[in-house]
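Novice: One file: input.cif (mmCIF, C-alpha atoms).
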```
data_final
#
loop_
_atom_site.label_atom_id
_atom_site.label_comp_id
_atom_site.auth_asym_id
_atom_site.auth_seq_id
_atom_site.Cartn_x
_atom_site.Cartn_y
_atom_site.Cartn_z
CA MET A 1 58.01 95.01 -67.78
CA ALA A 2 54.34 95.42 -66.83
CA GLU A 3 52.95 92.66 -64.66
CA ARG A 4 49.50 91.97 -63.23
CA VAL A 5 49.14 90.17 -59.89
CA TRP A 6 46.17 88.43 -58.27
CA VAL A 7 46.18 86.87 -54.79
CA VAL A 8 43.67 84.01 -54.86
CA ARG A 9 40.77 84.13 -52.40
CA GLU A 10 38.15 81.56 -51.54
CA GLY A 11 35.61 81.38 -54.35
CA ASP A 12 37.87 82.96 -57.00
CA GLY A 13 38.01 79.80 -59.07
CA ALA A 14 39.68 76.41 -59.14
CA THR A 15 42.12 76.70 -62.05
CA VAL A 16 44.76 79.14 -63.15
CA GLU A 17 42.68 79.91 -66.28
CA ASP A 18 40.00 81.37 -63.99
CA ILE A 19 42.48 83.79 -62.45
CA VAL A 20 44.06 84.68 -65.79
CA ALA A 21 40.61 85.60 -67.06
CA ARG A 22 40.05 87.80 -63.98
CA LEU A 23 43.28 89.60 -64.88
CA GLY A 24 41.94 90.34 -68.36
CA ASP A 25 43.97 87.80 -70.35
CA ASP A 26 43.23 84.41 -71.88
CA ALA A 27 44.81 80.97 -72.06
CA SER A 28 47.29 82.11 -74.72
CA ALA A 29 49.22 83.76 -71.87
CA LEU A 30 49.73 80.28 -70.42
CA ASP A 31 50.84 78.87 -73.78
CA GLU A 32 53.37 81.71 -74.10
CA GLY A 33 54.81 81.03 -70.65
CA ARG A 34 53.79 84.38 -69.17
CA VAL A 35 51.90 83.09 -66.15
CA PHE A 36 53.43 82.14 -62.80
CA VAL A 37 51.87 80.80 -59.62
CA GLY A 38 54.37 81.83 -57.00
CA ARG A 39 57.74 81.09 -58.58
CA LYS A 40 56.49 78.21 -60.75
CA ARG A 41 55.46 78.72 -64.36
CA ALA A 42 51.84 77.70 -64.76
CA LYS A 43 50.22 75.56 -67.43
CA ARG A 44 46.65 74.95 -68.48
CA GLY A 45 44.59 73.12 -65.89
CA ASP A 46 46.81 73.92 -62.90
CA VAL A 47 44.78 74.14 -59.69
CA VAL A 48 45.09 77.28 -57.55
CA ARG A 49 44.30 77.65 -53.88
CA ALA A 50 43.48 80.53 -51.56
CA GLY A 51 46.63 82.48 -50.84
CA ASP A 52 48.38 81.64 -54.12
CA GLU A 53 49.87 84.62 -55.96
CA VAL A 54 49.28 84.53 -59.71
CA ARG A 55 51.38 86.82 -61.92
CA VAL A 56 50.74 87.52 -65.61
CA SER A 57 53.42 89.40 -67.57
CA GLU A 58 52.86 91.45 -70.69
CA PRO A 59 54.50 90.17 -73.90
CA ARG A 60 57.98 91.60 -74.16
CA GLY A 61 58.83 93.86 -77.06
CA ALA A 62 55.55 93.13 -78.79
CA ASP A 63 55.51 96.49 -80.58
CA VAL A 64 59.19 96.59 -81.60
CA GLU A 65 60.16 96.08 -85.24
CA ILE A 66 62.95 93.56 -85.90
CA ALA A 67 65.35 94.48 -88.73
CA VAL A 68 67.09 91.71 -90.68
CA LEU A 69 70.54 93.07 -91.54
CA HIS A 70 71.88 90.16 -93.61
CA ARG A 71 70.98 86.67 -94.73
CA GLY A 72 73.38 84.40 -96.60
CA GLY A 73 75.62 81.37 -96.24
CA GLY A 74 73.28 79.86 -93.68
CA LEU A 75 73.56 82.87 -91.37
CA VAL A 76 70.98 85.50 -90.44
CA ALA A 77 72.08 88.74 -88.73
CA VAL A 78 69.38 90.80 -87.02
CA ASP A 79 69.37 94.08 -85.11
CA LYS A 80 68.17 93.33 -81.58
CA PRO A 81 66.60 96.29 -79.77
CA ALA A 82 66.65 96.61 -76.00
CA GLY A 83 63.59 95.12 -74.32
CA VAL A 84 63.51 91.91 -76.37
CA VAL A 85 64.88 88.57 -75.16
CA THR A 86 67.11 86.65 -77.58
CA ILE A 87 65.52 83.25 -77.03
CA PRO A 88 62.26 82.22 -75.35
CA ASP A 89 62.54 82.55 -71.57
CA GLU A 90 60.39 81.93 -68.50
CA HIS A 91 58.28 85.02 -69.15
CA ASP A 92 57.60 84.94 -72.86
CA ALA A 93 58.26 82.96 -76.01
CA ALA A 94 56.25 84.51 -78.83
CA SER A 95 57.99 87.91 -78.61
CA SER A 96 61.55 86.57 -78.41
CA LEU A 97 64.07 87.64 -81.06
CA LEU A 98 64.44 84.06 -82.30
CA VAL A 99 60.72 83.61 -82.96
CA ARG A 100 60.35 87.04 -84.53
CA ALA A 101 63.44 86.61 -86.72
CA ALA A 102 62.10 83.27 -87.93
CA ARG A 103 58.79 84.92 -88.76
CA ALA A 104 60.56 87.74 -90.60
CA ILE A 105 62.37 85.36 -92.96
CA GLY A 106 59.55 82.81 -93.22
CA VAL A 107 61.07 79.78 -91.49
CA ALA A 108 60.17 77.69 -88.44
CA PRO A 109 61.74 78.89 -85.16
CA GLU A 110 63.21 75.40 -84.68
CA SER A 111 65.40 75.95 -87.75
CA LEU A 112 67.32 78.87 -86.18
CA HIS A 113 70.07 78.65 -83.58
CA ALA A 114 71.36 81.72 -81.73
CA THR A 115 75.16 81.67 -82.01
CA SER A 116 75.36 84.22 -79.19
CA ARG A 117 72.85 85.83 -76.87
CA LEU A 118 72.22 89.37 -75.68
CA ASP A 119 70.29 89.99 -72.48
CA ARG A 120 66.88 91.64 -72.67
CA GLY A 121 68.16 95.12 -71.81
CA VAL A 122 71.07 94.96 -74.29
CA SER A 123 70.84 96.06 -77.94
CA GLY A 124 73.11 94.93 -80.75
CA VAL A 125 73.62 92.47 -83.59
CA VAL A 126 72.68 88.83 -83.04
CA VAL A 127 73.63 86.15 -85.57
CA PHE A 128 71.49 83.05 -86.04
CA ALA A 129 72.64 79.91 -87.88
CA GLU A 130 70.20 78.14 -90.18
CA SER A 131 72.13 74.87 -90.28
CA SER A 132 74.63 72.88 -88.24
CA ALA A 133 77.24 73.44 -90.99
CA ALA A 134 76.84 77.23 -90.78
CA ARG A 135 77.03 77.07 -87.02
CA GLU A 136 80.27 75.07 -87.22
CA ARG A 137 81.81 77.50 -89.74
CA LEU A 138 81.04 80.41 -87.43
CA GLN A 139 82.52 78.57 -84.44
CA ASN A 140 85.69 77.87 -86.42
CA ALA A 141 85.91 81.55 -87.42
CA ARG A 142 85.56 82.54 -83.77
CA THR A 143 88.27 80.08 -82.73
CA SER A 144 90.65 81.40 -85.39
CA GLY A 145 90.00 85.02 -84.44
CA ALA A 146 88.34 85.93 -87.74
CA TYR A 147 85.03 86.56 -85.98
CA PHE A 148 84.63 88.19 -82.59
CA ARG A 149 82.10 90.04 -80.47
CA ARG A 150 82.50 93.52 -79.04
CA TYR A 151 80.27 95.26 -76.54
CA VAL A 152 80.13 98.92 -75.54
CA ALA A 153 79.96 99.29 -71.76
CA LEU A 154 79.22 102.34 -69.62
CA ALA A 155 80.51 101.98 -66.05
CA SER A 156 80.42 104.20 -62.98
CA ALA A 157 84.22 104.11 -62.63
CA ALA A 158 87.29 103.38 -64.76
CA PRO A 159 89.24 100.17 -64.05
CA SER A 160 92.97 100.22 -63.40
CA PRO A 161 94.97 99.65 -65.49
CA SER A 162 92.99 101.25 -68.30
CA GLU A 163 93.59 98.37 -70.72
CA GLY A 164 94.07 94.65 -70.32
CA ALA A 165 92.17 91.42 -69.74
CA TRP A 166 90.05 90.22 -66.84
CA THR A 167 90.64 86.52 -66.19
CA ASP A 168 88.74 85.80 -62.96
CA PRO A 169 86.73 82.56 -63.21
CA ILE A 170 82.95 82.94 -63.10
CA GLY A 171 80.43 80.68 -61.38
CA ARG A 172 76.97 80.79 -59.85
CA ALA A 173 76.16 83.36 -57.19
CA ARG A 174 74.14 82.59 -54.06
CA ASP A 175 71.09 83.24 -56.21
CA PRO A 176 71.54 80.44 -58.80
CA LYS A 177 70.03 82.66 -61.52
CA LYS A 178 72.95 85.09 -61.12
CA ARG A 179 76.70 84.84 -61.69
CA ALA A 180 79.69 85.94 -59.63
CA VAL A 181 83.48 85.94 -59.79
CA ARG A 182 84.74 82.73 -58.16
CA GLY A 183 81.17 81.61 -57.56
CA ARG A 184 80.06 78.02 -57.24
CA ASP A 185 81.36 75.71 -60.00
CA ALA A 186 83.44 78.61 -61.40
CA VAL A 187 84.95 78.13 -64.87
CA THR A 188 87.56 79.99 -66.87
CA ALA A 189 86.42 83.39 -68.19
CA VAL A 190 88.43 85.97 -70.14
CA THR A 191 87.29 89.47 -71.13
CA ARG A 192 89.52 92.00 -72.91
CA TYR A 193 88.79 95.64 -72.12
CA ARG A 194 90.02 99.15 -72.89
CA VAL A 195 88.92 102.51 -71.52
CA VAL A 196 88.36 105.00 -74.35
CA ARG A 197 86.93 107.86 -72.30
CA ALA A 198 86.61 108.52 -68.57
CA THR A 199 85.31 111.26 -66.30
CA ALA A 200 85.08 111.47 -62.53
CA ARG A 201 81.66 109.78 -62.71
CA ALA A 202 81.76 107.37 -65.65
CA ALA A 203 83.92 105.37 -68.05
CA LEU A 204 83.22 104.19 -71.60
CA SER A 205 84.86 100.89 -72.57
CA PRO A 206 84.65 98.37 -75.39
CA LEU A 207 84.60 94.83 -73.98
CA GLU A 208 85.60 91.76 -75.97
CA PRO A 209 84.63 88.43 -74.38
CA VAL A 210 87.09 85.69 -75.34
CA THR A 211 84.96 83.09 -73.58
CA GLY A 212 81.16 83.09 -73.48
CA ARG A 213 80.00 82.89 -69.87
CA THR A 214 76.58 84.15 -68.78
CA ASN A 215 76.69 87.89 -67.93
CA GLN A 216 80.47 87.72 -68.31
CA GLY A 217 81.16 91.36 -69.25
CA ARG A 218 79.05 92.82 -66.47
CA VAL A 219 80.33 90.39 -63.83
CA HIS A 220 83.97 91.08 -64.72
CA ALA A 221 83.49 94.84 -65.00
CA SER A 222 81.61 95.05 -61.72
CA HIS A 223 84.30 93.02 -59.94
CA ALA A 224 87.05 95.24 -61.38
#
```
Step by step, read the file and then write its structure as structure tokens.

Specialist:
Amino acid sequence: MAERVWVVREGDGATVEDIVARLGDDASALDEGRVFVGRKRAKRGDVVRAGDEVRVSEPRGADVEIAVLHRGGGLVAVDKPAGVVTIPDEHDAASSLLVRAARAIGVAPESLHATSRLDRGVSGVVVFAESSAARERLQNARTSGAYFRRYVALASAAPSPSEGAWTDPIGRARDPKKRAVRGRDAVTAVTRYRVVRATARAALSPLEPVTGRTNQGRVHASHA
């Protein structure tokens, strides 16, 4: 994702809005959560000092069309392209899938709940619930096995055996934003897998997460 950076010097200005303007953006970037001073997300009126590093990110997926695949029974299924976050994150809110899906069907973003999330670089179908009742029905369907999620993974090597389930618990890595097998505060995690094609350099596998831990498929596959 494109990012503009400015290291504050004496006389550059007293507030983060001054620096954002120098970078060619306006205060809307602050409202959308795209501005950071160091590692802290900035807000209007924040004071900056010489030596501070101000970063402004471009809106994510701003030029990507969002296709609504189905709407009914309180559920909305949309086709998420790679490059778009599912829900508003620390970089951007306005271009998230949730906000854009709400706009596409003419409802307030607060009325949609993502029943599962795909990372920014992952494409696939995401289902939103429009009510607590619809969300509960979907959860019951998942519990009973009538509804499940399947991912297609491309790995640099095939696991052994070629079919089974990974059950290593997953917790926080040393970097708290990341996850690791048997990391801090690890909890139960189960991912079913099967290799459908393998070469000396790659393996193609469908992954079915039974539990829903952050980055579960990639953490399990990498560990295996």

Novice: What separation in Å, quoted to one decimal, exists between CA of Val181 in chain A and CA of Ala202 in chain A?

Specialist: 22.3 Å

Novice: Which is closest to Val127 in chain A among A:Thr86, A:Ser222, A:Thr214, A:Ser156, if we use only C-alpha atoms?

Specialist: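 Going through A:Thr86, A:Ser222, A:Thr214, A:Ser156 one by one, the smallest distance to Val127 in chain A is for A:Thr86.
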
Novice: Using all atoms listed in the file, find the one residue out of A:Gly217, A:Ala158, A:Ser132, A:Thr188 that sits nearest to Gly171 in chain A.

Specialist: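 Using all atoms listed in the file, Gly171 in chain A sits closest to A:Thr188.
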
Novice: Which residue gives the smallest distance to Ala77 in chain A among A:Ala104, A:Val210, A:Leu154, A:Val20, with only C-alpha atoms counted?

Specialist: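 Distance minimum relative to Ala77 in chain A lands on A:Ala104.
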
Novice: Where does the PyMOL selection byres ((chain A and resi 186) around 8) land in this file, that is, which residues does it pick, as a list in words?

Specialist: Pro169, Ile170, Gly171, Arg172, Val181, Arg182, Gly183, Arg184, Asp185, Val187 and Thr188 of chain A

Novice: To one decimal place, how far is CA of Gly33 in chain A from CA of Arg117 in chain A in Å?

Specialist: 19.7 Å
